[in-house]
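Everything below concerns the one structure shown next.
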Amino acid sequence: MKNILISTGILIITAGLVLETAAQDRDTVVVRFHDTGELLNNPGKGFMTFQRFNGDELNPPPGWTEGFPIEYQDFDGNLENENHPQTTIAYHRVYWRYVEPEKQEYNWDLIDKALETARERGQRLMLRIPAHGSGTDVRRDVPDWYRDMVGDRREWEHDSPVNAWLVNPEDPRYVEYYGGMIRALGERYDGHPDLESVDLALVGAWGEGAGSALLSQETREGLVNSYTDVFKKTPLKMLLTDKKTNAYGLSQANVGYRFDCLGDIGFWAEDQDGWSHMYDYYPQQLIETGMQDAWKKGPVSLEICYTFTNWKRLGGFGLEEVQYIFDQALKWRISSFNAKSSPVLEEWEELVDEWIKQMGYRFVLRRFSFPREVTPSGKLDFTSWWENKGVAPIYRQYPLAIRLHNGDASRILLTGVDIREWMPGDNLYNDAVYLPHDLPPGEYQLELALVEPIYELGKEPKPAVKLAIDSITGDGWYSLGKIIVKER
C-alpha cells in the first residue's frame with residue numbers, strides 16, 4: 001500500500017490515491033483502491049490455446065489444426081507462449097469417431113489426458129465433440145461403425161459445399177447414438193473441476209450448426225437435451241444457429257453462445273454480394289434468435305476468422321479495422337477468444353492487451369471497511385464496494401474469503417456472496433463473519449481473496465482470481481490493514 005493517512009476519527013488506507021475524508025466512527029478502518037491497469041491472467045477469460053497448451057509451440061502461420069486428437073509436444077517446463085498471450089483455457093475440438101471408436105465403447109483416456117495436461121499447465125479444458133468435419137476424408141467422417149450402420153450416402157437436405165450434413169440427423173439413430181455419446185460424456189465429466197465449458201455441437205461440419213433450421217422439432221429437442229439433461233454444473237455454449245434451436249436451448253439451460261468467424265468484415269464479400277459475418281449476420285442473428293442477453297447467465301466465447309496473419313495478408317487490416325473488430329466483440333460481451341494458437345502480430349500486441357483487460361470480468365475492490373478491534377466469537381462486520389470493469393460476469397463461483405493472519409496463527413473465514421451476480425458496473429456486498437472462539441488475542445493482518453471452491457481438507461484454500469488492485473501478498477492474498485483481536 002502506498003499511502004497511509006490518518007484523519008480525525010478514522011484510519012484511511014489508500015492504494016495509489018490521496019483521499020479527503022470527514023471525521024467518522026473512530027473504531028472503523030476504511031481501505032480504498034484504484035485499478036492498477038495491470039494485465040491479469042484470470043480463470044475463464046482471455047485468449048485460449050487450441051489443440052495445444054501453455055508452453056507449446058504455436059501453429060506456423062497461416063494455418064491451424066482441429067478435429068483430431070491432440071499431438072502432445074515435449075514440454076520443457078516453460079509455460080510462456082511466444083507471440084501469444086498467456087491463457088487459462090485450453091480448447092480441444094475432436095471428432096466423434098475418436099471419442100467412440102466402437103459402438104458404446106468410449107475412449108475416455110483421450111479426454112482424461114487433455115484434462116490432466118490442462119491442469120498441469122495452469123488451464124481448464126474447453127471442449128467440443130462435433131459429429132464430423134467436412135469433405136470426403138474418412139478421418140473427418142462419423143465413426144466407421146456408424147457409417148456402416150447408416151450407409152454411404154453423403155448428400156442430404158443441407159448440402160452446402162462448405163459445411164454440409166455428411167449424415168442425416170433426422171435418422172433417429174443420430175440422436176440415439178451421437179446424442180448417447182454426449183449423454184455418456186456428461187454423466188462422466190459434468191462438474192469436473194478441470195472442465196471449463198462444453199459447446200453444444202448439433203449438426204453440420206465441425207458441429208457449427210449449419211442447417212439446424214431444417215430440423216424437425218423432435219430431432220432438435222433430442223439433440224439439445226442430450227447436453228442440457230446431463231450438463232448441470234459445467235457451463236454450456238451454443239453456436240448461433242436459428243431462432244427455434246437457440247430459443248429451445250435457452251429454455252432448457254443457462255447457455256452462453258459462441259461464433260466462429262470473428263473478424264470477417266468482408267473476406268468473401270466479392271463472391272457474396274458484399275455479405276459478411278460481422279456486418280450482415282452476427283448483430284442481426286443475436287437479436288433474431290433471442291441470444292443477445294444470454295451473456296448474463298452463460299459465457300460468450302468467440303473464434304477468429306482465419307488467423308491474425310491472414311487478417312493482415314488477406315484482409316489488409318490495419319489498426320483501425322482491428323480496433324473495430326475488438327470493440328464489436330466487447331459489445332457482444334466476449335469472455336474468451338480462440339486465436340487458433342496462431343501468433344499475434346507485434347504491431348497489434350498493445351491492442352490485444354487492452355482488449356483482454358476488458359474481456360469478461362475485471363474486479364476492482366474500490367472500498368472496504370471493517371472494525372479496528374474484534375473479539376473471539378465476535379462478529380466482524382464489513383462493507384465493500386466492488387467494480388466489475390469488464391463486460392461480463394464471472395460464470396464460476398469462487399468464494400470470497402477473509403483471512404486473519406500473523407506469525408503465530410491464521411484463520412480463514414468464508415463469506416456467502418455469489419460473485420457470479422456481480423454484473424459490469426458497481427456491486428455492493430455488506431456482511432459479517434463470526435470469528436472462531438479459540439482465536440488467540442493479538443494484532444493480525446486482515447486479508448481477502450477469491451479462492452478455489454475445491455481444496456484439500458486440512459489445507460488453506462488458495463487464491464484463484466486476481467484482483468486489479470495492488471497490496472497483493474506473496475501468497476496471493478490482498479492486504480486490507482491491521483485488526484486487533486482483544487480478549488473478551
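Labeling convention for the C-alpha cells: chains A, B, ... as they appear, residues from 1 per chain, ligands from 1 in order of appearance.
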Practice problem: Do a neighbour search on range 434-447 of chain A at 7 Å with only C-alpha atoms, toss out local chain neighbours closer than 6 positions, and write the hits as a PyMOL selection string. | Solution: chain A and resi 376-380+402-406+477-487
Go ahead and write the residues just picked, N, CA and C atoms, as a PDB file, in the first residue's frame.
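So the final result, stored in again29.pdb, reads:
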```
ATOM      1  N   PRO A 376     -12.752 -12.779  20.030  1.00  0.00           N
ATOM      2  CA  PRO A 376     -13.082 -14.168  19.678  1.00  0.00           C
ATOM      3  C   PRO A 376     -14.570 -14.433  19.874  1.00  0.00           C
ATOM      4  N   SER A 377     -15.155 -15.179  18.960  1.00  0.00           N
ATOM      5  CA  SER A 377     -16.598 -15.456  18.910  1.00  0.00           C
ATOM      6  C   SER A 377     -17.419 -14.232  18.539  1.00  0.00           C
ATOM      7  N   GLY A 378     -16.754 -13.106  18.356  1.00  0.00           N
ATOM      8  CA  GLY A 378     -17.467 -11.893  17.983  1.00  0.00           C
ATOM      9  C   GLY A 378     -17.689 -11.786  16.481  1.00  0.00           C
ATOM     10  N   LYS A 379     -18.386 -10.751  16.130  1.00  0.00           N
ATOM     11  CA  LYS A 379     -18.757 -10.534  14.731  1.00  0.00           C
ATOM     12  C   LYS A 379     -17.812  -9.529  14.092  1.00  0.00           C
ATOM     13  N   LEU A 380     -17.342  -9.863  12.903  1.00  0.00           N
ATOM     14  CA  LEU A 380     -16.537  -8.932  12.105  1.00  0.00           C
ATOM     15  C   LEU A 380     -17.431  -8.413  10.987  1.00  0.00           C
ATOM     16  N   ILE A 402     -12.007 -14.289   3.836  1.00  0.00           N
ATOM     17  CA  ILE A 402     -11.304 -13.302   4.654  1.00  0.00           C
ATOM     18  C   ILE A 402     -10.328 -14.059   5.555  1.00  0.00           C
ATOM     19  N   ARG A 403      -9.102 -13.571   5.607  1.00  0.00           N
ATOM     20  CA  ARG A 403      -8.071 -14.240   6.408  1.00  0.00           C
ATOM     21  C   ARG A 403      -7.505 -13.283   7.449  1.00  0.00           C
ATOM     22  N   LEU A 404      -7.435 -13.766   8.681  1.00  0.00           N
ATOM     23  CA  LEU A 404      -6.702 -13.064   9.735  1.00  0.00           C
ATOM     24  C   LEU A 404      -5.385 -13.806   9.897  1.00  0.00           C
ATOM     25  N   HIS A 405      -4.295 -13.066   9.770  1.00  0.00           N
ATOM     26  CA  HIS A 405      -3.003 -13.733   9.631  1.00  0.00           C
ATOM     27  C   HIS A 405      -1.944 -12.995  10.435  1.00  0.00           C
ATOM     28  N   ASN A 406      -1.199 -13.758  11.243  1.00  0.00           N
ATOM     29  CA  ASN A 406       0.019 -13.222  11.843  1.00  0.00           C
ATOM     30  C   ASN A 406       1.029 -14.357  11.936  1.00  0.00           C
ATOM     31  N   TRP A 477      -2.910 -13.338  -1.468  1.00  0.00           N
ATOM     32  CA  TRP A 477      -3.989 -12.647  -0.767  1.00  0.00           C
ATOM     33  C   TRP A 477      -3.783 -11.135  -0.880  1.00  0.00           C
ATOM     34  N   TYR A 478      -4.849 -10.369  -0.572  1.00  0.00           N
ATOM     35  CA  TYR A 478      -4.774  -8.910  -0.661  1.00  0.00           C
ATOM     36  C   TYR A 478      -4.909  -8.325   0.743  1.00  0.00           C
ATOM     37  N   SER A 479      -3.931  -7.519   1.119  1.00  0.00           N
ATOM     38  CA  SER A 479      -3.865  -6.967   2.464  1.00  0.00           C
ATOM     39  C   SER A 479      -4.794  -5.763   2.596  1.00  0.00           C
ATOM     40  N   LEU A 480      -5.563  -5.748   3.682  1.00  0.00           N
ATOM     41  CA  LEU A 480      -6.516  -4.672   3.950  1.00  0.00           C
ATOM     42  C   LEU A 480      -6.084  -3.785   5.110  1.00  0.00           C
ATOM     43  N   GLY A 481      -5.146  -4.261   5.912  1.00  0.00           N
ATOM     44  CA  GLY A 481      -4.706  -3.479   7.058  1.00  0.00           C
ATOM     45  C   GLY A 481      -4.694  -4.299   8.323  1.00  0.00           C
ATOM     46  N   LYS A 482      -4.435  -3.634   9.453  1.00  0.00           N
ATOM     47  CA  LYS A 482      -4.314  -4.304  10.750  1.00  0.00           C
ATOM     48  C   LYS A 482      -5.649  -4.361  11.456  1.00  0.00           C
ATOM     49  N   ILE A 483      -5.862  -5.459  12.173  1.00  0.00           N
ATOM     50  CA  ILE A 483      -7.051  -5.594  13.018  1.00  0.00           C
ATOM     51  C   ILE A 483      -6.591  -6.211  14.336  1.00  0.00           C
ATOM     52  N   ILE A 484      -7.186  -5.739  15.445  1.00  0.00           N
ATOM     53  CA  ILE A 484      -6.804  -6.206  16.770  1.00  0.00           C
ATOM     54  C   ILE A 484      -7.868  -7.182  17.278  1.00  0.00           C
ATOM     55  N   VAL A 485      -7.410  -8.352  17.670  1.00  0.00           N
ATOM     56  CA  VAL A 485      -8.273  -9.305  18.373  1.00  0.00           C
ATOM     57  C   VAL A 485      -7.962  -9.172  19.857  1.00  0.00           C
ATOM     58  N   LYS A 486      -8.928  -8.663  20.608  1.00  0.00           N
ATOM     59  CA  LYS A 486      -8.668  -8.423  22.030  1.00  0.00           C
ATOM     60  C   LYS A 486      -9.409  -9.476  22.874  1.00  0.00           C
ATOM     61  N   GLU A 487      -8.933  -9.662  24.071  1.00  0.00           N
ATOM     62  CA  GLU A 487      -9.543 -10.642  24.964  1.00  0.00           C
ATOM     63  C   GLU A 487     -10.956 -10.210  25.317  1.00  0.00           C
TER      64      GLU A 487
END
```
Practice problem: as an MDAnalysis selection string, please: all residues of range 169-261 of chain A that backbone DSSP puts in strand (DSSP E). | Solution: chainID A and resid 195:200 236:239 256:261
Exercise. For Asp381 in chain A, list every protein, DNA or RNA residue within 12 Å, evaluated using only C-alpha atoms, and leave out those in the same chain fewer than 4 positions away; present the list as a ChimeraX atom specification.
Key: /A:27-29,368-375,402,415,429-435
Find the nearest atom pair between each residue of range 186-273 of chain A and range 94-106 of chain A for residues within 12 Å, count only C-alpha atoms, give distances in Å to one decimal, sort rows by chain and ascending number, and present the table as CSV.
```
residue,atom,partner,partner_atom,distance
A:Arg188,CA,A:Tyr106,CA,10.9
A:Asp199,CA,A:Val94,CA,11.6
A:Ala201,CA,A:Tyr95,CA,10.4
A:Leu202,CA,A:Trp96,CA,11.6
A:Val203,CA,A:Trp96,CA,12.0
A:Ala205,CA,A:Tyr95,CA,10.0
A:Trp206,CA,A:Tyr95,CA,7.8
A:Gly207,CA,A:Tyr95,CA,9.1
```
Using only C-alpha atoms, find each residue in range 348-432 of chain A having at least one atom no more than 10 Å away from range 300-320 of chain A; report its shortest atom-to-atom pair and that distance in Å (one decimal), rows by chain then rising number, as CSV.
```
residue,atom,partner,partner_atom,distance
A:Trp348,CA,A:Leu319,CA,7.1
A:Leu351,CA,A:Leu319,CA,8.2
A:Met359,CA,A:Val300,CA,9.8
A:Gly360,CA,A:Val300,CA,8.5
A:Ala392,CA,A:Val300,CA,8.7
```
Taking C-alpha atoms for each residue, export the selection above as a compact mmCIF listing (two decimals), in the first residue's frame.
```txt
# COMPACT_ATOMS: atom_id res chain seq x y z
CA TRP A 348 -1.25 -5.37 -32.65
CA LEU A 351 -4.46 -3.52 -28.81
CA MET A 359 -12.98 -9.17 -21.78
CA GLY A 360 -15.16 -10.99 -19.28
CA ALA A 392 -19.49 -9.72 -18.42
```
Self-check item: For range 119-135 of chain A: contacts at 6 Å, only C-alpha atoms, fewer than 2 positions along chain excluded, given as a ChimeraX atom specification
Solution: /A:54,88-96,115-117,137,140-142,194-199,201,205-207
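Nearest-residue note for Arg147 in chain A: choosing from A:Leu166, A:Gly390, A:Pro161, A:Gly67, the minimum distance belongs to A:Leu166, counting only C-alpha atoms.
The nearest approach to Pro85 in chain A among the residues A:Ser160, A:Ser336, A:Gln323, A:Ser276, with only C-alpha atoms taken into account, belongs to A:Ser336.
Around Lys466 in chain A, within 8 Å and counting only C-alpha atoms, the residues found are Leu40, Asn41, Asn42, Leu450, Pro463 and Gly476 of chain A, once anything fewer than 3 positions away on its own chain is removed.
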Saved selection, atoms kept: C-alpha atoms, as a compact mmCIF listing (two decimals), in the first residue's frame:
```txt
# COMPACT_ATOMS: atom_id res chain seq x y z
CA LEU A 40 -4.30 -10.18 -15.45
CA ASN A 41 -4.36 -13.83 -16.49
CA ASN A 42 -7.57 -14.97 -14.80
CA LEU A 450 -11.35 -15.06 -4.18
CA PRO A 463 -6.41 -17.62 -4.15
CA GLY A 476 -1.78 -14.16 -3.49
```
Quiz item: With only C-alpha atoms as the basis for distance, which of A:Pro193, A:Gly256, A:Gly37, A:Gly204 is at the shortest distance from Phe363 in chain A?
Solution: A:Gly37
Exercise. Give the answer as one residue: which of A:Tyr174, A:Leu236, A:Val167, A:Gly44 has the shortest atom-to-atom distance to Gln397 in chain A, using only C-alpha atoms?
Key: A:Gly44
Quiz prompt | Shell around range 238-251 of chain A at 10 Å using only C-alpha atoms, local window under 6 positions removed, as a PyMOL selection string | solution = chain A and resi 198-202+207-215+217+220-221+223-225+227-228+257-260+281-282+285-291+294+297-302
Atoms to include: C-alpha atoms. Write the selected residues as a PDB file, in the first residue's frame.
```pdb
ATOM      1  CA  VAL A 198     -18.767 -27.550 -23.357  1.00  0.00           C
ATOM      2  CA  ASP A 199     -20.078 -26.474 -26.774  1.00  0.00           C
ATOM      3  CA  LEU A 200     -23.429 -27.758 -27.999  1.00  0.00           C
ATOM      4  CA  ALA A 201     -22.388 -29.303 -31.310  1.00  0.00           C
ATOM      5  CA  LEU A 202     -25.558 -30.460 -33.048  1.00  0.00           C
ATOM      6  CA  GLY A 207     -20.648 -29.016 -35.200  1.00  0.00           C
ATOM      7  CA  GLU A 208     -21.243 -25.408 -36.178  1.00  0.00           C
ATOM      8  CA  GLY A 209     -24.992 -25.935 -36.572  1.00  0.00           C
ATOM      9  CA  ALA A 210     -25.368 -25.274 -40.295  1.00  0.00           C
ATOM     10  CA  GLY A 211     -28.825 -26.367 -41.434  1.00  0.00           C
ATOM     11  CA  SER A 212     -30.268 -26.562 -37.929  1.00  0.00           C
ATOM     12  CA  ALA A 213     -33.331 -24.598 -39.044  1.00  0.00           C
ATOM     13  CA  LEU A 214     -34.281 -27.602 -41.221  1.00  0.00           C
ATOM     14  CA  LEU A 215     -34.538 -29.968 -38.256  1.00  0.00           C
ATOM     15  CA  GLN A 217     -38.695 -30.132 -33.516  1.00  0.00           C
ATOM     16  CA  ARG A 220     -33.908 -30.512 -32.385  1.00  0.00           C
ATOM     17  CA  GLU A 221     -35.096 -31.195 -28.852  1.00  0.00           C
ATOM     18  CA  LEU A 223     -30.051 -33.177 -29.691  1.00  0.00           C
ATOM     19  CA  VAL A 224     -30.244 -30.197 -27.341  1.00  0.00           C
ATOM     20  CA  ASN A 225     -31.499 -32.361 -24.479  1.00  0.00           C
ATOM     21  CA  TYR A 227     -26.475 -31.846 -23.483  1.00  0.00           C
ATOM     22  CA  THR A 228     -28.820 -29.994 -21.159  1.00  0.00           C
ATOM     23  CA  TYR A 257     -23.096 -18.508 -27.066  1.00  0.00           C
ATOM     24  CA  ARG A 258     -20.176 -18.598 -29.439  1.00  0.00           C
ATOM     25  CA  PHE A 259     -19.471 -17.942 -33.077  1.00  0.00           C
ATOM     26  CA  ASP A 260     -16.542 -18.958 -35.186  1.00  0.00           C
ATOM     27  CA  TYR A 281     -25.129 -11.879 -39.701  1.00  0.00           C
ATOM     28  CA  TYR A 282     -23.899 -11.654 -36.115  1.00  0.00           C
ATOM     29  CA  GLN A 285     -28.769 -13.085 -35.532  1.00  0.00           C
ATOM     30  CA  LEU A 286     -28.109 -12.245 -31.893  1.00  0.00           C
ATOM     31  CA  ILE A 287     -31.365 -10.298 -31.788  1.00  0.00           C
ATOM     32  CA  GLU A 288     -33.445 -12.570 -34.012  1.00  0.00           C
ATOM     33  CA  THR A 289     -32.508 -15.707 -32.065  1.00  0.00           C
ATOM     34  CA  GLY A 290     -33.058 -14.050 -28.684  1.00  0.00           C
ATOM     35  CA  MET A 291     -29.441 -14.672 -27.650  1.00  0.00           C
ATOM     36  CA  ALA A 294     -27.591 -14.899 -22.906  1.00  0.00           C
ATOM     37  CA  LYS A 297     -26.115 -16.410 -17.447  1.00  0.00           C
ATOM     38  CA  GLY A 298     -23.648 -18.159 -19.758  1.00  0.00           C
ATOM     39  CA  PRO A 299     -20.223 -17.363 -21.244  1.00  0.00           C
ATOM     40  CA  VAL A 300     -19.591 -15.813 -24.659  1.00  0.00           C
ATOM     41  CA  SER A 301     -16.633 -17.368 -26.462  1.00  0.00           C
ATOM     42  CA  LEU A 302     -15.646 -16.170 -29.930  1.00  0.00           C
TER      43      LEU A 302
END
```
Practice problem: May I have all residues of range 193-358 of chain A that DSSP, computed from the backbone, assigns to alpha helix (DSSP H), given as an NGL selection string? | Solution: :A and (217-228 or 243-252 or 277-280 or 282-288 or 308-313 or 319-331 or 349-358)
If you count only C-alpha atoms, which residues fall within 10 Å of Leu58 in chain A, apart from same-chain ones fewer than 2 positions away, as a PDB file with N, CA and C atoms, in the first residue's frame?
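Result written to around_19.pdb:
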```pdb
ATOM      1  N   THR A  49      -5.498 -21.495 -25.717  1.00  0.00           N
ATOM      2  CA  THR A  49      -4.730 -22.299 -26.661  1.00  0.00           C
ATOM      3  C   THR A  49      -5.695 -23.252 -27.363  1.00  0.00           C
ATOM      4  N   PHE A  50      -5.356 -23.665 -28.588  1.00  0.00           N
ATOM      5  CA  PHE A  50      -6.254 -24.506 -29.394  1.00  0.00           C
ATOM      6  C   PHE A  50      -5.482 -25.735 -29.852  1.00  0.00           C
ATOM      7  N   GLN A  51      -5.945 -26.908 -29.398  1.00  0.00           N
ATOM      8  CA  GLN A  51      -5.265 -28.186 -29.650  1.00  0.00           C
ATOM      9  C   GLN A  51      -3.848 -28.157 -29.087  1.00  0.00           C
ATOM     10  N   ARG A  52      -3.599 -27.260 -28.174  1.00  0.00           N
ATOM     11  CA  ARG A  52      -2.303 -27.054 -27.553  1.00  0.00           C
ATOM     12  C   ARG A  52      -2.512 -26.581 -26.126  1.00  0.00           C
ATOM     13  N   PHE A  53      -1.394 -26.411 -25.413  1.00  0.00           N
ATOM     14  CA  PHE A  53      -1.442 -25.967 -24.029  1.00  0.00           C
ATOM     15  C   PHE A  53      -0.396 -24.880 -23.819  1.00  0.00           C
ATOM     16  N   ASN A  54      -0.487 -24.195 -22.689  1.00  0.00           N
ATOM     17  CA  ASN A  54       0.543 -23.223 -22.346  1.00  0.00           C
ATOM     18  C   ASN A  54       1.925 -23.870 -22.450  1.00  0.00           C
ATOM     19  N   GLY A  55       2.838 -23.159 -23.084  1.00  0.00           N
ATOM     20  CA  GLY A  55       4.202 -23.657 -23.227  1.00  0.00           C
ATOM     21  C   GLY A  55       4.474 -24.400 -24.516  1.00  0.00           C
ATOM     22  N   ASP A  56       3.424 -24.724 -25.288  1.00  0.00           N
ATOM     23  CA  ASP A  56       3.610 -25.420 -26.558  1.00  0.00           C
ATOM     24  C   ASP A  56       3.978 -24.436 -27.665  1.00  0.00           C
ATOM     25  N   PRO A  60       2.353 -22.797 -37.090  1.00  0.00           N
ATOM     26  CA  PRO A  60       3.030 -21.877 -38.015  1.00  0.00           C
ATOM     27  C   PRO A  60       1.991 -21.164 -38.866  1.00  0.00           C
ATOM     28  N   PRO A  61       2.110 -19.849 -39.045  1.00  0.00           N
ATOM     29  CA  PRO A  61       1.114 -19.127 -39.837  1.00  0.00           C
ATOM     30  C   PRO A  61       1.171 -19.562 -41.295  1.00  0.00           C
ATOM     31  N   TRP A  64      -3.846 -23.906 -39.124  1.00  0.00           N
ATOM     32  CA  TRP A  64      -4.144 -24.433 -37.797  1.00  0.00           C
ATOM     33  C   TRP A  64      -4.654 -25.857 -37.951  1.00  0.00           C
ATOM     34  N   ASN A  81       4.020 -18.508 -23.652  1.00  0.00           N
ATOM     35  CA  ASN A  81       3.581 -18.683 -25.041  1.00  0.00           C
ATOM     36  C   ASN A  81       4.209 -17.584 -25.886  1.00  0.00           C
ATOM     37  N   GLU A  82       5.110 -17.952 -26.750  1.00  0.00           N
ATOM     38  CA  GLU A  82       5.796 -16.953 -27.567  1.00  0.00           C
ATOM     39  C   GLU A  82       4.836 -16.356 -28.589  1.00  0.00           C
ATOM     40  N   ASN A  83       4.772 -15.030 -28.637  1.00  0.00           N
ATOM     41  CA  ASN A  83       3.911 -14.297 -29.580  1.00  0.00           C
ATOM     42  C   ASN A  83       2.427 -14.615 -29.392  1.00  0.00           C
ATOM     43  N   HIS A  84       2.056 -14.934 -28.166  1.00  0.00           N
ATOM     44  CA  HIS A  84       0.668 -15.274 -27.868  1.00  0.00           C
ATOM     45  C   HIS A  84       0.437 -15.022 -26.388  1.00  0.00           C
ATOM     46  N   LYS A 340      -6.764 -19.662 -32.406  1.00  0.00           N
ATOM     47  CA  LYS A 340      -6.297 -20.890 -33.060  1.00  0.00           C
ATOM     48  C   LYS A 340      -4.800 -21.153 -32.825  1.00  0.00           C
ATOM     49  N   SER A 341      -4.334 -20.749 -31.665  1.00  0.00           N
ATOM     50  CA  SER A 341      -2.917 -20.951 -31.315  1.00  0.00           C
ATOM     51  C   SER A 341      -1.997 -20.486 -32.435  1.00  0.00           C
ATOM     52  N   SER A 342      -2.358 -19.368 -33.027  1.00  0.00           N
ATOM     53  CA  SER A 342      -1.536 -18.727 -34.046  1.00  0.00           C
ATOM     54  C   SER A 342      -1.002 -17.417 -33.476  1.00  0.00           C
ATOM     55  N   PRO A 343       0.124 -16.937 -33.975  1.00  0.00           N
ATOM     56  CA  PRO A 343       0.771 -15.782 -33.355  1.00  0.00           C
ATOM     57  C   PRO A 343      -0.006 -14.483 -33.505  1.00  0.00           C
TER      58      PRO A 343
END
```
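Across the structure, CA of Thr36 in chain A and CA of Ile469 in chain A are spaced 5.4 Å apart.
Residue nearest Arg154 in chain A within the list A:Asp171, A:Thr136, A:Pro393, A:Val417: A:Thr136 [criterion: smallest interatomic distance, only C-alpha atoms].
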